[in-house]
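*Asks:* Next comes the structure file structure.cif, holding mmCIF, C-alpha atoms and all ligand atoms.
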data_my_file
loop_
_atom_site.label_atom_id
_atom_site.label_comp_id
_atom_site.auth_asym_id
_atom_site.auth_seq_id
_atom_site.Cartn_x
_atom_site.Cartn_y
_atom_site.Cartn_z
CA MET A 50 7.00 -0.85 -15.90
CA GLY A 51 9.09 0.69 -18.64
CA ALA A 52 12.04 -1.63 -18.23
CA SER A 53 9.92 -4.72 -18.61
CA LEU A 54 12.53 -7.23 -19.65
CA LEU A 55 10.34 -10.06 -18.46
CA THR A 56 6.98 -10.79 -19.98
CA GLY A 57 5.15 -10.35 -16.69
CA PRO A 58 4.98 -11.88 -13.26
CA PHE A 59 1.78 -13.90 -13.69
CA PRO A 60 1.94 -15.96 -16.87
CA ARG A 61 -0.71 -18.34 -18.16
CA VAL A 62 0.34 -21.92 -18.65
CA GLU A 63 -2.16 -23.91 -20.72
CA GLY A 64 -4.68 -21.20 -19.94
CA GLU A 65 -4.25 -21.41 -16.16
CA LEU A 66 -2.91 -18.40 -14.28
CA HIS A 67 0.41 -19.02 -12.55
CA CYS A 68 2.59 -17.12 -10.16
CA GLY A 69 6.19 -17.91 -10.98
CA GLN A 70 5.90 -21.62 -11.73
CA VAL A 71 3.12 -22.32 -9.24
CA ALA A 72 -0.54 -22.55 -10.29
CA ALA A 73 -2.65 -19.84 -8.67
CA GLU A 74 -5.46 -22.34 -8.01
CA GLU A 75 -3.04 -24.51 -6.07
CA LEU A 76 -2.02 -21.54 -3.91
CA ALA A 77 -5.67 -20.68 -3.21
CA VAL A 78 -6.39 -24.26 -2.17
CA ARG A 79 -3.31 -24.44 0.01
CA TYR A 80 -3.66 -21.06 1.75
CA GLY A 81 -7.34 -20.18 1.35
CA THR A 82 -8.91 -16.98 -0.03
CA PRO A 83 -8.87 -14.04 -0.15
CA LEU A 84 -5.12 -14.36 -0.58
CA TYR A 85 -2.38 -11.95 -1.57
CA VAL A 86 0.31 -13.62 -3.68
CA TYR A 87 3.63 -11.98 -4.53
CA ASP A 88 6.29 -13.01 -7.02
CA VAL A 89 9.59 -12.16 -5.35
CA GLY A 90 11.49 -12.72 -8.60
CA TRP A 91 9.59 -9.84 -10.13
CA ILE A 92 10.36 -7.60 -7.16
CA ARG A 93 14.06 -8.39 -7.49
CA ALA A 94 13.93 -7.66 -11.22
CA GLN A 95 12.35 -4.25 -10.63
CA ALA A 96 14.95 -3.34 -8.00
CA GLU A 97 17.70 -4.42 -10.40
CA ALA A 98 16.16 -2.31 -13.16
CA PHE A 99 16.39 0.79 -10.91
CA ARG A 100 19.89 -0.15 -9.82
CA SER A 101 21.20 -0.46 -13.35
CA ALA A 102 19.36 2.61 -14.66
CA PHE A 103 20.84 4.77 -11.89
CA ALA A 104 24.26 3.11 -11.85
CA GLY A 105 25.88 6.33 -13.08
CA VAL A 106 25.47 8.04 -9.73
CA ASP A 107 26.04 7.04 -6.11
CA HIS A 108 22.52 6.20 -5.01
CA LEU A 109 20.36 4.57 -2.39
CA LEU A 110 17.04 2.90 -3.15
CA ALA A 111 15.06 3.67 -0.01
CA TYR A 112 12.03 1.44 -0.59
CA SER A 113 8.86 3.11 0.57
CA VAL A 114 7.67 0.72 3.25
CA LYS A 115 4.10 2.02 3.21
CA ALA A 116 3.53 0.33 -0.17
CA ASN A 117 3.96 -3.12 1.36
CA GLY A 118 5.66 -3.61 4.69
CA ASN A 119 5.66 -7.40 4.92
CA LEU A 120 8.88 -8.52 6.63
CA SER A 121 9.70 -11.07 3.93
CA ILE A 122 9.47 -8.44 1.23
CA LEU A 123 11.58 -6.04 3.26
CA ARG A 124 14.18 -8.77 3.78
CA ALA A 125 14.29 -9.54 0.06
CA LEU A 126 14.84 -5.86 -0.73
CA ASN A 127 17.40 -5.48 2.05
CA ASN A 128 19.37 -8.34 0.52
CA LEU A 129 19.53 -6.34 -2.70
CA GLY A 130 21.01 -3.39 -0.84
CA CYS A 131 17.83 -1.37 -0.56
CA GLY A 132 17.08 0.86 2.39
CA ALA A 133 13.75 2.16 3.64
CA ASP A 134 11.65 5.29 3.45
CA ILE A 135 9.55 5.12 6.60
CA THR A 136 6.67 7.19 7.80
CA SER A 137 6.05 6.07 11.37
CA GLY A 138 7.51 4.34 14.39
CA GLY A 139 5.73 1.21 13.23
CA GLU A 140 7.52 1.24 9.89
CA LEU A 141 10.83 1.89 11.67
CA PHE A 142 10.14 -1.20 13.76
CA ARG A 143 9.34 -3.24 10.66
CA ALA A 144 12.37 -2.06 8.72
CA ARG A 145 14.76 -2.74 11.60
CA ARG A 146 13.16 -6.10 12.34
CA ALA A 147 13.74 -7.04 8.70
CA GLY A 148 17.41 -6.19 9.18
CA ILE A 149 17.55 -2.98 7.14
CA PRO A 150 20.56 -1.09 8.52
CA PRO A 151 19.81 2.31 10.09
CA GLU A 152 22.23 4.08 7.76
CA ARG A 153 19.86 3.21 4.91
CA ILE A 154 16.69 4.58 6.56
CA VAL A 155 15.06 7.96 5.96
CA PHE A 156 12.02 9.16 7.89
CA ALA A 157 9.34 11.37 6.28
CA GLY A 158 5.93 12.49 7.52
CA VAL A 159 4.25 15.67 8.72
CA GLY A 160 3.27 14.43 12.16
CA LYS A 161 6.28 12.75 13.76
CA THR A 162 5.64 12.38 17.49
CA ARG A 163 8.25 12.80 20.23
CA GLU A 164 8.32 9.05 20.74
CA GLU A 165 8.86 8.38 17.04
CA ILE A 166 11.66 10.93 16.81
CA ALA A 167 13.36 9.54 19.90
CA ALA A 168 13.12 5.98 18.59
CA ALA A 169 14.63 6.95 15.24
CA LEU A 170 17.42 8.93 16.93
CA LYS A 171 18.16 5.96 19.12
CA GLU A 172 18.48 3.81 16.00
CA ASP A 173 20.72 6.49 14.48
CA ILE A 174 18.93 6.51 11.10
CA LEU A 175 20.47 8.20 8.07
CA ALA A 176 18.18 11.24 8.12
CA PHE A 177 14.88 12.78 9.08
CA ASN A 178 13.10 14.43 6.19
CA VAL A 179 11.70 17.37 8.13
CA GLU A 180 8.37 18.82 7.07
CA SER A 181 8.03 21.98 9.22
CA ARG A 182 9.89 24.44 11.41
CA SER A 183 8.16 23.13 14.52
CA GLU A 184 9.29 19.63 13.67
CA LEU A 185 12.89 20.80 13.29
CA GLU A 186 12.66 22.54 16.67
CA ARG A 187 11.29 19.40 18.24
CA LEU A 188 14.03 17.33 16.61
CA GLU A 189 16.69 19.61 18.03
CA GLU A 190 15.18 19.54 21.50
CA ILE A 191 15.03 15.74 21.60
CA ALA A 192 18.52 15.35 20.13
CA ARG A 193 19.82 17.71 22.82
CA GLU A 194 18.07 15.75 25.58
CA MET A 195 19.59 12.56 24.21
CA GLY A 196 23.03 14.10 23.70
CA VAL A 197 23.15 13.22 20.01
CA ARG A 198 23.31 15.04 16.69
CA ALA A 199 20.28 14.61 14.44
CA ARG A 200 20.92 14.39 10.70
CA PHE A 201 18.17 15.92 8.64
CA GLY A 202 17.07 17.19 5.26
CA VAL A 203 14.22 19.60 4.65
CA ARG A 204 11.39 18.27 2.53
CA VAL A 205 10.81 21.12 0.18
CA ASN A 206 7.49 21.74 -1.42
CA PRO A 207 8.64 22.64 -4.94
CA ASP A 208 5.19 23.83 -6.05
CA VAL A 209 5.29 21.56 -9.06
CA HIS A 210 1.98 20.24 -10.35
CA ALA A 211 2.45 16.64 -11.36
CA LEU A 212 -0.41 14.86 -13.01
CA THR A 213 -1.47 11.92 -10.86
CA PRO A 214 -4.62 9.89 -11.47
CA HIS A 215 -6.23 11.10 -8.24
CA ALA A 216 -6.06 14.36 -6.30
CA TYR A 217 -5.32 12.37 -3.12
CA THR A 218 -1.93 11.36 -4.47
CA ARG A 219 -0.71 14.84 -5.47
CA THR A 220 1.74 16.23 -2.95
CA GLY A 221 4.10 18.61 -4.73
CA HIS A 222 1.89 21.69 -5.00
CA SER A 223 1.52 24.45 -2.46
CA GLN A 224 -1.99 23.51 -1.28
CA THR A 225 -1.02 20.24 0.39
CA LYS A 226 0.13 19.60 3.95
CA PHE A 227 3.44 18.20 2.72
CA GLY A 228 6.84 19.82 2.85
CA VAL A 229 8.12 23.25 3.77
CA PRO A 230 7.08 26.14 1.52
CA TRP A 231 9.75 27.07 -0.97
CA SER A 232 10.18 30.56 0.48
CA GLU A 233 10.86 29.29 4.03
CA THR A 234 13.26 26.48 3.28
CA ARG A 235 16.42 28.50 3.28
CA ASP A 236 15.65 30.09 6.64
CA LEU A 237 15.29 26.70 8.14
CA TYR A 238 18.73 25.56 7.01
CA GLU A 239 20.24 28.81 8.21
CA TRP A 240 18.54 28.49 11.57
CA ALA A 241 19.99 25.00 11.95
CA LEU A 242 23.52 25.94 10.87
CA GLY A 243 25.01 26.88 14.19
CA ARG A 244 23.15 24.30 16.24
CA GLU A 245 25.18 21.64 17.91
CA HIS A 246 22.49 18.96 17.87
CA LEU A 247 21.41 19.38 14.26
CA GLN A 248 23.29 18.48 11.13
CA ALA A 249 21.86 19.26 7.70
CA VAL A 250 22.86 16.43 5.39
CA GLY A 251 20.34 16.48 2.60
CA ILE A 252 17.42 18.00 0.81
CA ASP A 253 14.23 16.17 -0.07
CA VAL A 254 11.33 16.47 -2.46
CA HIS A 255 8.40 14.17 -3.27
CA ILE A 256 5.90 15.36 -5.84
CA GLY A 257 3.20 12.71 -5.79
CA SER A 258 2.40 9.16 -6.69
CA GLN A 259 1.68 7.17 -9.86
CA ILE A 260 3.44 9.71 -12.09
CA VAL A 261 4.49 8.35 -15.49
CA ASP A 262 6.16 11.44 -16.96
CA PRO A 263 9.81 12.19 -16.09
CA ALA A 264 9.31 15.93 -16.79
CA PRO A 265 7.91 17.02 -13.40
CA TYR A 266 10.76 15.18 -11.68
CA ALA A 267 13.30 17.04 -13.78
CA GLN A 268 11.50 20.30 -13.10
CA ALA A 269 11.40 19.74 -9.33
CA LEU A 270 15.01 18.57 -9.36
CA ASP A 271 16.22 21.69 -11.15
CA ARG A 272 14.52 23.91 -8.60
CA VAL A 273 15.90 21.96 -5.67
CA LEU A 274 19.43 21.70 -7.11
CA ASP A 275 19.59 25.47 -7.52
CA LEU A 276 18.67 25.84 -3.89
CA ALA A 277 21.11 23.11 -2.86
CA SER A 278 23.98 24.85 -4.57
CA GLU A 279 23.13 28.17 -2.86
CA LEU A 280 22.92 26.41 0.48
CA ARG A 281 26.25 24.72 -0.01
CA SER A 282 27.91 27.97 -0.92
CA GLU A 283 26.58 29.33 2.37
CA GLY A 284 28.26 26.51 4.24
CA VAL A 285 25.43 23.98 4.57
CA PRO A 286 27.23 20.66 4.06
CA LEU A 287 24.65 18.84 1.94
CA ASP A 288 25.51 15.29 1.03
CA PHE A 289 22.40 13.95 -0.70
CA ILE A 290 19.33 14.88 -2.62
CA ASP A 291 16.27 12.71 -2.10
CA ILE A 292 13.82 12.89 -5.01
CA GLY A 293 11.13 10.79 -3.33
CA GLY A 294 9.07 8.16 -5.07
CA GLY A 295 5.89 8.06 -7.08
CA TYR A 296 7.13 6.32 -10.23
CA GLY A 297 4.03 5.12 -12.02
CA ILE A 298 3.27 1.58 -13.14
CA SER A 299 0.78 0.21 -15.63
CA TYR A 300 -2.55 -0.91 -14.19
CA GLY A 301 -4.36 -1.59 -17.42
CA GLY A 302 -1.96 -1.51 -20.34
CA GLU A 303 -1.36 2.25 -20.23
CA PRO A 304 2.26 3.48 -20.31
CA ALA A 305 4.30 3.28 -17.12
CA MET A 306 7.22 5.42 -16.03
CA ASP A 307 10.21 4.53 -18.17
CA VAL A 308 12.87 4.21 -15.49
CA ARG A 309 15.76 4.48 -17.95
CA GLN A 310 14.34 7.68 -19.38
CA LEU A 311 13.83 9.03 -15.87
CA ALA A 312 17.41 8.15 -14.99
CA GLY A 313 18.53 9.89 -18.17
CA GLU A 314 17.07 13.12 -16.76
CA ILE A 315 18.18 12.68 -13.17
CA VAL A 316 21.62 11.07 -13.22
CA PRO A 317 23.56 13.75 -15.15
CA ARG A 318 22.08 16.56 -13.06
CA VAL A 319 22.79 14.91 -9.72
CA SER A 320 26.27 13.70 -10.55
CA GLU A 321 27.19 17.14 -11.86
CA ALA A 322 26.04 18.61 -8.56
CA GLY A 323 28.32 16.13 -6.78
CA LEU A 324 25.53 14.87 -4.54
CA ARG A 325 24.42 11.42 -3.57
CA LEU A 326 20.95 10.44 -4.79
CA ILE A 327 18.17 8.86 -2.77
CA LEU A 328 15.12 7.41 -4.51
CA GLU A 329 12.04 6.21 -2.64
CA PRO A 330 10.15 3.90 -4.99
CA GLY A 331 7.29 1.96 -3.45
CA ARG A 332 4.72 0.95 -6.03
CA ALA A 333 7.28 0.58 -8.84
CA LEU A 334 9.10 -2.17 -6.95
CA VAL A 335 6.16 -4.21 -5.69
CA GLY A 336 2.92 -3.13 -7.38
CA GLU A 337 2.94 -5.46 -10.36
CA ALA A 338 4.39 -8.28 -8.28
CA GLY A 339 1.12 -8.91 -6.42
CA ILE A 340 -2.28 -10.38 -7.17
CA LEU A 341 -5.27 -10.87 -4.92
CA LEU A 342 -6.98 -14.23 -5.30
CA THR A 343 -10.63 -14.15 -4.43
CA ARG A 344 -13.38 -16.74 -4.84
CA VAL A 345 -16.79 -16.09 -6.36
CA GLN A 346 -19.50 -16.61 -3.76
CA TYR A 347 -22.56 -15.70 -5.80
CA VAL A 348 -23.53 -14.41 -9.20
CA LYS A 349 -26.51 -12.21 -8.50
CA ARG A 350 -28.85 -10.55 -10.98
CA ASN A 351 -30.77 -7.46 -9.86
CA GLY A 352 -32.91 -6.38 -12.79
CA GLU A 353 -30.51 -5.10 -15.42
CA LYS A 354 -27.41 -5.50 -13.33
CA THR A 355 -25.22 -8.50 -12.74
CA PHE A 356 -23.11 -8.63 -9.60
CA VAL A 357 -20.24 -11.03 -9.14
CA VAL A 358 -19.99 -11.28 -5.35
CA VAL A 359 -16.53 -12.38 -4.24
CA ASP A 360 -15.00 -13.19 -0.84
CA GLY A 361 -12.73 -10.13 -0.86
CA GLY A 362 -13.73 -6.50 -0.70
CA MET A 363 -12.69 -3.00 0.30
CA SER A 364 -11.31 -4.38 3.57
CA GLU A 365 -8.65 -6.24 1.56
CA LEU A 366 -8.19 -3.75 -1.29
CA ILE A 367 -9.49 -0.21 -0.91
CA ARG A 368 -7.91 1.33 -4.01
CA PRO A 369 -10.94 0.97 -6.33
CA SER A 370 -13.33 2.71 -3.96
CA HIS A 371 -10.91 5.20 -2.37
CA TYR A 372 -9.03 6.43 -5.45
CA GLY A 373 -11.18 5.12 -8.27
CA GLY A 374 -8.22 2.82 -8.91
CA TYR A 375 -8.46 0.46 -11.89
CA HIS A 376 -7.34 -3.14 -11.45
CA GLU A 377 -7.59 -5.86 -14.06
CA ILE A 378 -9.64 -8.84 -12.95
CA GLU A 379 -9.53 -12.20 -14.64
CA GLY A 380 -10.61 -15.78 -14.15
CA VAL A 381 -7.78 -17.94 -12.89
CA GLY A 382 -8.97 -20.95 -14.88
CA VAL A 383 -9.62 -21.24 -18.59
CA THR A 384 -12.45 -18.93 -19.62
CA ALA A 385 -12.17 -19.18 -23.40
CA GLY A 386 -15.56 -19.60 -25.03
CA ARG A 387 -17.49 -17.99 -22.15
CA SER A 388 -19.94 -15.24 -22.97
CA VAL A 389 -18.68 -11.79 -22.04
CA GLU A 390 -21.03 -9.83 -19.78
CA ARG A 391 -20.98 -6.45 -18.11
CA VAL A 392 -20.73 -6.96 -14.36
CA ASP A 393 -19.89 -5.25 -11.09
CA VAL A 394 -17.37 -7.23 -9.07
CA VAL A 395 -18.31 -6.55 -5.46
CA GLY A 396 -17.38 -7.70 -1.98
CA PRO A 397 -19.42 -8.78 1.04
CA ILE A 398 -19.16 -5.50 2.95
CA CYS A 399 -22.18 -3.36 3.80
CA GLU A 400 -21.19 -0.36 1.70
CA THR A 401 -22.15 0.58 -1.84
CA GLY A 402 -18.51 1.62 -2.22
CA ASP A 403 -17.41 -1.96 -1.69
CA PHE A 404 -16.33 -2.98 -5.17
CA PHE A 405 -13.30 -4.07 -7.17
CA ALA A 406 -14.77 -3.09 -10.53
CA LEU A 407 -17.91 -1.41 -11.88
CA ASP A 408 -19.44 -2.08 -15.29
CA ARG A 409 -16.59 -4.36 -16.27
CA ASP A 410 -16.91 -6.53 -19.38
CA MET A 411 -15.56 -9.96 -18.60
CA PRO A 412 -16.24 -13.64 -19.27
CA LEU A 413 -19.02 -14.35 -16.78
CA PRO A 414 -17.51 -16.22 -13.82
CA LYS A 415 -19.35 -19.02 -12.05
CA GLN A 416 -19.95 -19.55 -8.36
CA GLY A 417 -16.92 -21.16 -6.70
CA GLU A 418 -14.47 -20.02 -9.36
CA LEU A 419 -11.31 -18.16 -8.55
CA LEU A 420 -10.58 -14.63 -9.77
CA ALA A 421 -7.30 -12.74 -9.72
CA VAL A 422 -7.19 -9.00 -9.14
CA ARG A 423 -3.98 -7.71 -10.64
CA THR A 424 -1.36 -5.15 -9.70
CA VAL A 425 -2.11 -5.09 -5.99
CA GLY A 426 1.38 -5.62 -4.57
CA ALA A 427 1.46 -1.97 -3.49
CA TYR A 428 -1.15 -0.34 -1.24
CA GLY A 429 -3.14 -3.56 -1.16
CA PHE A 430 -2.49 -5.43 2.05
CA SER A 431 -0.87 -2.37 3.61
CA MET A 432 -4.22 -0.56 3.50
CA ALA A 433 -6.29 -3.56 4.59
CA SER A 434 -8.59 -3.25 7.59
CA ASN A 435 -10.82 -5.25 9.89
CA TYR A 436 -13.95 -3.32 8.90
CA ASN A 437 -17.14 -5.34 9.15
CA GLY A 438 -15.34 -7.80 11.42
CA ARG A 439 -13.22 -9.05 8.54
CA LEU A 440 -10.06 -11.03 9.16
CA ARG A 441 -7.12 -9.58 7.32
CA PRO A 442 -6.09 -12.01 4.57
CA ALA A 443 -3.06 -14.24 4.29
CA GLU A 444 -0.06 -13.34 2.14
CA ALA A 445 2.03 -15.87 0.22
CA LEU A 446 5.34 -15.44 -1.54
CA VAL A 447 6.39 -17.36 -4.61
CA ASP A 448 10.01 -17.79 -5.61
CA GLY A 449 10.21 -19.81 -8.82
CA THR A 450 8.77 -23.22 -7.97
CA ASP A 451 8.53 -22.57 -4.20
CA SER A 452 5.75 -20.91 -2.30
CA ARG A 453 5.37 -20.08 1.36
CA LEU A 454 3.06 -18.24 3.67
CA ILE A 455 4.59 -14.92 4.71
CA ARG A 456 1.67 -13.82 6.85
CA ARG A 457 -0.98 -16.15 8.17
CA ARG A 458 -4.64 -15.30 7.86
CA GLU A 459 -5.97 -13.54 10.93
CA THR A 460 -8.20 -15.42 13.35
CA PHE A 461 -11.22 -14.30 15.37
CA GLU A 462 -8.91 -14.07 18.39
CA ASP A 463 -6.71 -11.60 16.46
CA LEU A 464 -9.82 -9.54 15.93
CA ILE A 465 -10.39 -8.86 19.64
CA ARG A 466 -6.76 -8.85 20.77
CA GLY A 467 -6.16 -5.94 23.11
CA GLU A 468 -9.83 -5.36 23.87
CA GLU A 469 -11.17 -5.52 27.43
N1 LIG B 1 8.09 8.89 -0.63
C1 LIG B 1 7.15 9.61 -0.01
C2 LIG B 1 7.55 10.75 0.80
C3 LIG B 1 5.79 9.27 -0.15
O1 LIG B 1 4.87 9.99 0.45
C4 LIG B 1 5.42 8.16 -0.96
C5 LIG B 1 4.02 7.76 -1.11
C6 LIG B 1 6.44 7.43 -1.58
C7 LIG B 1 7.77 7.82 -1.39
C8 LIG B 1 6.18 6.22 -2.43
O2 LIG B 1 5.34 6.46 -3.50
P1 LIG B 1 5.17 5.34 -4.64
O3 LIG B 1 6.50 5.17 -5.28
O4 LIG B 1 4.71 4.10 -3.98
O5 LIG B 1 4.12 5.89 -5.54
N2 LIG B 1 -2.24 4.73 -1.35
C9 LIG B 1 -2.04 5.43 -2.61
C10 LIG B 1 -0.62 5.93 -2.74
C11 LIG B 1 -0.21 6.86 -1.62
C12 LIG B 1 1.22 7.27 -1.73
C13 LIG B 1 1.67 7.98 -0.51
N3 LIG B 1 3.05 8.36 -0.52
C14 LIG B 1 -2.41 4.50 -3.75
O6 LIG B 1 -2.86 3.38 -3.49
O7 LIG B 1 -2.30 4.88 -4.91
#
Turn the structure described in the file into structure tokens.
*Replies:*
Amino acid sequence: MGASLLTGPFPRVEGELHCGQVAAEELAVRYGTPLYVYDVGWIRAQAEAFRSAFAGVDHLLAYSVKANGNLSILRALNNLGCGADITSGGELFRARRAGIPPERIVFAGVGKTREEIAAALKEDILAFNVESRSELERLEEIAREMGVRARFGVRVNPDVHALTPHAYTRTGHSQTKFGVPWSETRDLYEWALGREHLQAVGIDVHIGSQIVDPAPYAQALDRVLDLASELRSEGVPLDFIDIGGGYGISYGGEPAMDVRQLAGEIVPRVSEAGLRLILEPGRALVGEAGILLTRVQYVKRNGEKTFVVVDGGMSELIRPSHYGGYHEIEGVGVTAGRSVERVDVVGPICETGDFFALDRDMPLPKQGELLAVRTVGAYGFSMASNYNGRLRPAEALVDGTDSRLIRRRETFEDLIRGEE
């Protein structure tokens, strides 16, 4: 990302790819493939970069658990003072199990069920980011039944068009399911004002994901701050503004969000408004910290085309096929002197959409060799599935010279657990 003080999380030592100070090949041998590997030092460095960039304002980094919810990663972030942006009862469970205190948890999502709301109220989380009038009504009803006061913010749809690489990750314009339309937001706060079991504490906006330009954030923030100041003058006791996540990283050498520049836009505005700031970075904290190690099973030539068939596929990493996501792929061992060929890197799954890369020029790998797919720490494992009877892969964490398994590979028994 912009504040890249380190050279990168996966250096080459004598031509061999390493994670921290551990050879990637060694990790693959120890834990098997396909294998997710994370460098926790890199995650800490990214969190620190946010912390120092935003130091000028009272802020909470509510890590977006959906990017990567592994307990060990959540614990590492919790130790740095991060909270959690959750989107389901399952993520609440994860965040609490990892020890993240409830006063650092915010809950977004358009479809919160009664059970999820009740569970979050029971935990007494910091705030619900409410996405509709009916949700606010439901929240009030459940809070009343439980005899508690629910803290909430309205997630406003600011109708800002932020450029994201894929339409699926745009959320800040009026044609998406997210947030409350601009024109209805005020009504909602007013409706809640006199209600004993509701307490408005914040206002929330999230404009999309993988955004590298600070401008749409500033634009959305200005709109929301205007509204916040009107609301406060009408007696709504707002304490924080949550500007969501979506800070873009570099997948293939292109520019990433410059976090210092972003902070330069955000910090003065928010501190002038006298509000606390919540940020919900997901990808920016963990994306670059992960690689997927996968072994070449076959190199297959079909007429003109060359396919490198590996032991991972869309069940482990769906970003290439679902969003057209680009991920660098490289040989883990020394490949200098190899001839470069144009290949498709594909998985074993029975779908034409099962690929990591199409028409990629790379030194031609050999059967049995190990490849690393880069920048998969976010939305990699967390979107993995059991499709085609695949076992979800193992995850390992490296901290300097140490490595450990933070999730074991699934077994066939895991595959049928819960079935009659
Ligand atoms: N806050 C809210 C309300 C969100 O909806 C999201 C992501 C985030 C924070 C964190 O966004 P981040 O900082 O990680 O970009 N699976 C897609 C990304 C979906 C993002 C969904 N919401 C991908 O692989 O690109």
*Asks:* Might you pull out every residue within 10 Å of Lys354 in chain A, with only C-alpha atoms counted and same-chain residues fewer than 6 positions away left off, and present them as a PyMOL selection string?
*Replies:* chain A and resi 391-393+408
*Asks:* Go through A:Ile290, A:Ala277, A:Leu311, A:Ala73 one by one, measure the shortest atom-to-atom distance of each to Ala102 in chain A using all atoms listed in the file, and give the residue with the smallest value.
*Replies:*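 Looking at the shortest contact to Ala102 in chain A, the residue is A:Leu311.
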*Asks:* What does the structure give for the distance between CA of Glu303 in chain A and CA of His376 in chain A, in Å to one decimal?
*Replies:*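 Computing the Euclidean distance for CA of Glu303 in chain A and CA of His376 in chain A yields 11.9 Å.
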*Asks:* Excluding Glu418 in chain A and residues on its chain fewer than 6 positions from it, collect all residues at most 8 Å away from it, counting all atoms listed in the file, and give them as a list in words.
*Replies:*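 The residues that qualify are Arg344, Val345, Gly380, Val381 and Gly382 of chain A.
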*Asks:* Around (7.4, -10.2, -4.7) in the file's own coordinates, what residues are found within 12 Å if you use only C-alpha atoms, given back as an MDAnalysis selection string?
*Replies:* chainID A and resid 58:59 68:69 85:96 117:126 332:340 424:427 444:449 452:453 455
*Asks:* Can I get the residues of chain A within 7 Å of ligand LIG 1 (chain B), each with the closest pair of atoms and their distance in Å to one decimal, using all atoms listed in the file, sorted chain first then ascending number, as a tab-separated table?
*Replies:*
residue	atom	partner	partner_atom	distance
A:Ser113	CA	B:LIG1	C8	5.1
A:Ala116	CA	B:LIG1	O4	5.5
A:Asp134	CA	B:LIG1	N1	6.5
A:Ala157	CA	B:LIG1	C2	5.8
A:Thr218	CA	B:LIG1	C11	5.6
A:His255	CA	B:LIG1	C2	5.4
A:Gly257	CA	B:LIG1	N3	6.8
A:Ser258	CA	B:LIG1	O5	3.9
A:Gln259	CA	B:LIG1	O5	5.1
A:Gly293	CA	B:LIG1	N1	4.5
A:Gly294	CA	B:LIG1	C7	3.9
A:Gly295	CA	B:LIG1	O5	3.2
A:Tyr296	CA	B:LIG1	O3	5.1
A:Gly297	CA	B:LIG1	O5	6.5
A:Glu329	CA	B:LIG1	C7	4.7
A:Pro330	CA	B:LIG1	O3	3.9
A:Gly331	CA	B:LIG1	O4	3.4
A:Arg332	CA	B:LIG1	O4	3.8
A:Ala333	CA	B:LIG1	O3	5.9
A:Arg368	CA	B:LIG1	O6	5.5
A:Tyr372	CA	B:LIG1	O7	6.9
A:Ala427	CA	B:LIG1	O6	6.9
A:Tyr428	CA	B:LIG1	O6	4.7
*Asks:* Find the distance between CA of Glu365 in chain A and CA of Thr343 in chain A and write it in Å to one decimal.
*Replies:* 10.1 Å
*Asks:* To one decimal in Å, tell me the separation between CA of Gly467 in chain A and CA of Ile149 in chain A.
*Replies:*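 Separation between CA of Gly467 in chain A and CA of Ile149 in chain A: 28.7 Å.
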*Asks:* Residues of range 279-335 of chain A that have any atom at most 12 Å from an atom of range 163-178 of chain A: could you tabulate them with the shortest-distance atom pair and the distance in Å to one decimal, using only C-alpha atoms, ordered by chain and increasing number, as a tab-separated table?
*Replies:*
residue	atom	partner	partner_atom	distance
A:Leu287	CA	A:Ala176	CA	11.7
A:Asp288	CA	A:Ala176	CA	11.0
A:Phe289	CA	A:Ala176	CA	10.1
A:Ile290	CA	A:Asn178	CA	10.8
A:Asp291	CA	A:Asn178	CA	9.0
A:Ile292	CA	A:Asn178	CA	11.3
A:Gly293	CA	A:Asn178	CA	10.4
A:Ile327	CA	A:Leu175	CA	11.1
*Asks:* Which residues are close to Val285 in chain A, i.e. within 12 Å by all atoms listed in the file, leaving aside same-chain residues fewer than 6 positions away? Reply as a list of chain:residue names.
*Replies:* A:Phe201, A:Gly202, A:Arg235, A:Asp236, A:Leu237, A:Tyr238, A:Glu239, A:Trp240, A:Ala241, A:Leu242, A:Gly243, A:Arg244, A:Leu247, A:Gln248, A:Ala249, A:Val250, A:Gly251, A:Ile252, A:Leu276, A:Ala277, A:Ser278, A:Glu279
*Asks:* Which of these, A:Leu280, A:Ala385, A:Val203, A:Leu326, has the shortest distance to Ala104 in chain A once you count only C-alpha atoms?
*Replies:*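 Between A:Leu280, A:Ala385, A:Val203, A:Leu326, the residue approaching Ala104 in chain A most closely is A:Leu326.
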*Asks:* Tell me which of A:Gly138, A:Pro230, A:Gly323, A:Pro214 sits closest to Asp107 in chain A, counting all atoms listed in the file.
*Replies:*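 Smallest distance to Asp107 in chain A is found for A:Gly323.
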*Asks:* List as a list of chain:residue names the protein and nucleic acid residues near Ile398 in chain A, meaning an atom at most 12 Å away when all atoms listed in the file are counted, but skip any in the same chain fewer than 4 places from it.
*Replies:* A:Val358, A:Val359, A:Asp360, A:Gly361, A:Gly362, A:Met363, A:Ser364, A:Glu365, A:Leu366, A:Ile367, A:Gly402, A:Asp403, A:Phe404, A:Phe405, A:Ser434, A:Asn435, A:Tyr436, A:Asn437, A:Gly438, A:Arg439
*Asks:* Using only C-alpha atoms for the distances, tell me which of A:Glu189, A:Leu328, A:Thr213, A:Gly352 is nearest to Tyr112 in chain A.
*Replies:* A:Leu328
*Asks:* Please provide the set of residues having any atom within 12 Å of Arg309 in chain A, restricted to only C-alpha atoms, with same-chain residues fewer than 2 positions apart removed, written as a ChimeraX atom specification.
*Replies:* /A:50-53,95,97-105,262-263,296,305-307,311-316
*Asks:* With distances taken over all atoms listed in the file, which residue among A:Gly417, A:Ser181, A:Glu245, A:Leu76 lies nearest Arg200 in chain A?
*Replies:*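 Selected residue with least distance to Arg200 in chain A: A:Glu245.
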